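This report refers to the structure that appears directly beneath it.
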Amino acid sequence: IVSRPGITRIHGPVHPKDLIDMAHSAAYFVAAGAAHREFGWQHASEAKILDPTINALCARVVIGEPPTSDIERYRQGATVTIRTKS
């Protein structure tokens, strides 16, 4: 669940197919970070962009309620909440 002021929908492609798509995919950033517990330049590789685990998680990324306090701290980021079944 991604929460950020002013964001009401996922921007960019949900399932990127190449470097350009990946660079514009908020869902990919969140999914890759969740899958590998970090996000870095290694996620710009073709192998990571096409990784089935990351792609499966991309479809699960949703937008949550925008934050209402400390709005100024969101200049470049978002709050990401990960919910698990167990």
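A note on labels: chains of the structure tokens are A, B, ... as shown, every chain counts residues from 1, and ligands are counted from 1 in their shown order.
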To test your reading of the structure, identify every residue in chain A that backbone DSSP assigns to strand (DSSP E or B), and report it as a list of chain:residue names.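 Output for chain A, strand (DSSP E or B) only: A:Val2, A:Ser3, A:Ile63, A:Thr79, A:Val80.
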Which residues are close to Val2 of chain A, i.e. within 7 Å by only C-alpha atoms, leaving aside same-chain residues fewer than 6 positions away? Reply as a ChimeraX atom specification. /A:62-64,78-81
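What separates atom CA of Gly40 of chain A from atom CA of Ser25 of chain A is a distance of 14.2 Å.
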Nearest to Gly33 of chain A by atom-to-atom distance, counting only C-alpha atoms, from A:Asn55, A:Leu19, A:Arg4, A:Ala47: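 Result for the nearest residue to Gly33 of chain A: A:Asn55.
Excluding Asp51 of chain A and any residue on its chain fewer than 2 positions from it, the residues at most 12 Å away by only C-alpha atoms are His15, Pro16, Lys17, Asp18, Tyr28, Ala31, Ala32, Ala35, His36, His43, Ala44, Ser45, Glu46, Ala47, Lys48, Ile49, Thr53, Ile54, Asn55, Ala56, Leu57 and Cys58 of chain A.
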Please identify all polymer residues within 8 Å of Ala27 of chain A, counting only C-alpha atoms, omitting same-chain residues fewer than 4 positions from it, and present them as a PyMOL selection string. chain A and resi 10-15+31+58-59+61
For the residues in that selection, give me N, CA and C atoms as a compact mmCIF listing (two decimals), in the first residue's frame.
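Contents of the output file selection08.txt:
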```
# COMPACT_ATOMS: atom_id res chain seq x y z
N ILE A 10 -1.85 4.56 -9.33
CA ILE A 10 -0.49 4.13 -9.69
C ILE A 10 -0.11 4.79 -11.01
N HIS A 11 1.03 5.44 -11.02
CA HIS A 11 1.51 6.08 -12.25
C HIS A 11 2.50 5.17 -12.96
N GLY A 12 2.53 5.26 -14.26
CA GLY A 12 3.46 4.46 -15.05
C GLY A 12 2.94 3.05 -15.26
N PRO A 13 3.67 2.27 -16.03
CA PRO A 13 3.23 0.89 -16.30
C PRO A 13 3.31 0.04 -15.04
N VAL A 14 2.35 -0.82 -14.86
CA VAL A 14 2.35 -1.71 -13.70
C VAL A 14 3.35 -2.84 -13.90
N HIS A 15 3.45 -3.35 -15.12
CA HIS A 15 4.38 -4.44 -15.45
C HIS A 15 5.38 -3.95 -16.50
N ALA A 31 7.45 -2.97 -5.61
CA ALA A 31 7.49 -4.43 -5.66
C ALA A 31 8.92 -4.96 -5.56
N CYS A 58 4.06 -6.62 -8.42
CA CYS A 58 3.62 -5.37 -9.06
C CYS A 58 2.10 -5.28 -9.11
N ALA A 59 1.46 -6.39 -9.39
CA ALA A 59 0.00 -6.41 -9.50
C ALA A 59 -0.69 -6.21 -8.15
N VAL A 61 0.37 -3.96 -5.80
CA VAL A 61 0.60 -2.61 -5.28
C VAL A 61 -0.68 -1.78 -5.47
```
Please give the complete set of residues from chain A that DSSP, run on the backbone, assigns to helix (DSSP H, G or I), formatted as a PyMOL selection string. chain A and resi 19-23+26-36+41-44+46-49+52-58+71-74
Write to file, as a CSV table (one decimal), in the first residue's frame, the residues of the selection just made, with C-alpha atoms.
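Output below, filename result.csv:
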```csv
chain,number,residue,atom,x,y,z
A,19,LEU,CA,14.4,0.1,-18.7
A,20,ILE,CA,12.2,3.0,-19.9
A,21,ASP,CA,9.1,1.4,-18.5
A,22,MET,CA,10.9,0.5,-15.2
A,23,ALA,CA,12.1,4.1,-14.7
A,26,ALA,CA,6.0,3.2,-9.2
A,27,ALA,CA,4.6,-0.3,-8.9
A,28,TYR,CA,7.9,-1.8,-9.9
A,29,PHE,CA,9.9,0.4,-7.4
A,30,VAL,CA,7.7,-0.8,-4.6
A,31,ALA,CA,7.5,-4.4,-5.7
A,32,ALA,CA,11.2,-4.8,-6.2
A,33,GLY,CA,12.0,-3.2,-2.9
A,34,ALA,CA,9.6,-5.5,-1.1
A,35,ALA,CA,10.9,-8.6,-2.9
A,36,HIS,CA,14.6,-7.8,-2.2
A,41,TRP,CA,20.7,0.1,-9.6
A,42,GLN,CA,20.8,-3.7,-9.7
A,43,HIS,CA,17.0,-3.4,-10.3
A,44,ALA,CA,17.5,-1.7,-13.6
A,46,GLU,CA,16.7,-6.8,-17.7
A,47,ALA,CA,16.8,-9.9,-15.4
A,48,LYS,CA,15.2,-8.0,-12.5
A,49,ILE,CA,12.7,-6.1,-14.7
A,52,PRO,CA,8.4,-13.2,-12.2
A,53,THR,CA,8.5,-12.6,-8.4
A,54,ILE,CA,8.7,-8.9,-8.8
A,55,ASN,CA,6.1,-8.9,-11.6
A,56,ALA,CA,3.7,-10.8,-9.4
A,57,LEU,CA,4.1,-8.3,-6.6
A,58,CYS,CA,3.6,-5.4,-9.1
A,71,ILE,CA,3.2,16.5,4.5
A,72,GLU,CA,6.5,18.4,3.9
A,73,ARG,CA,8.5,15.2,4.5
A,74,TYR,CA,7.1,13.6,1.3
```
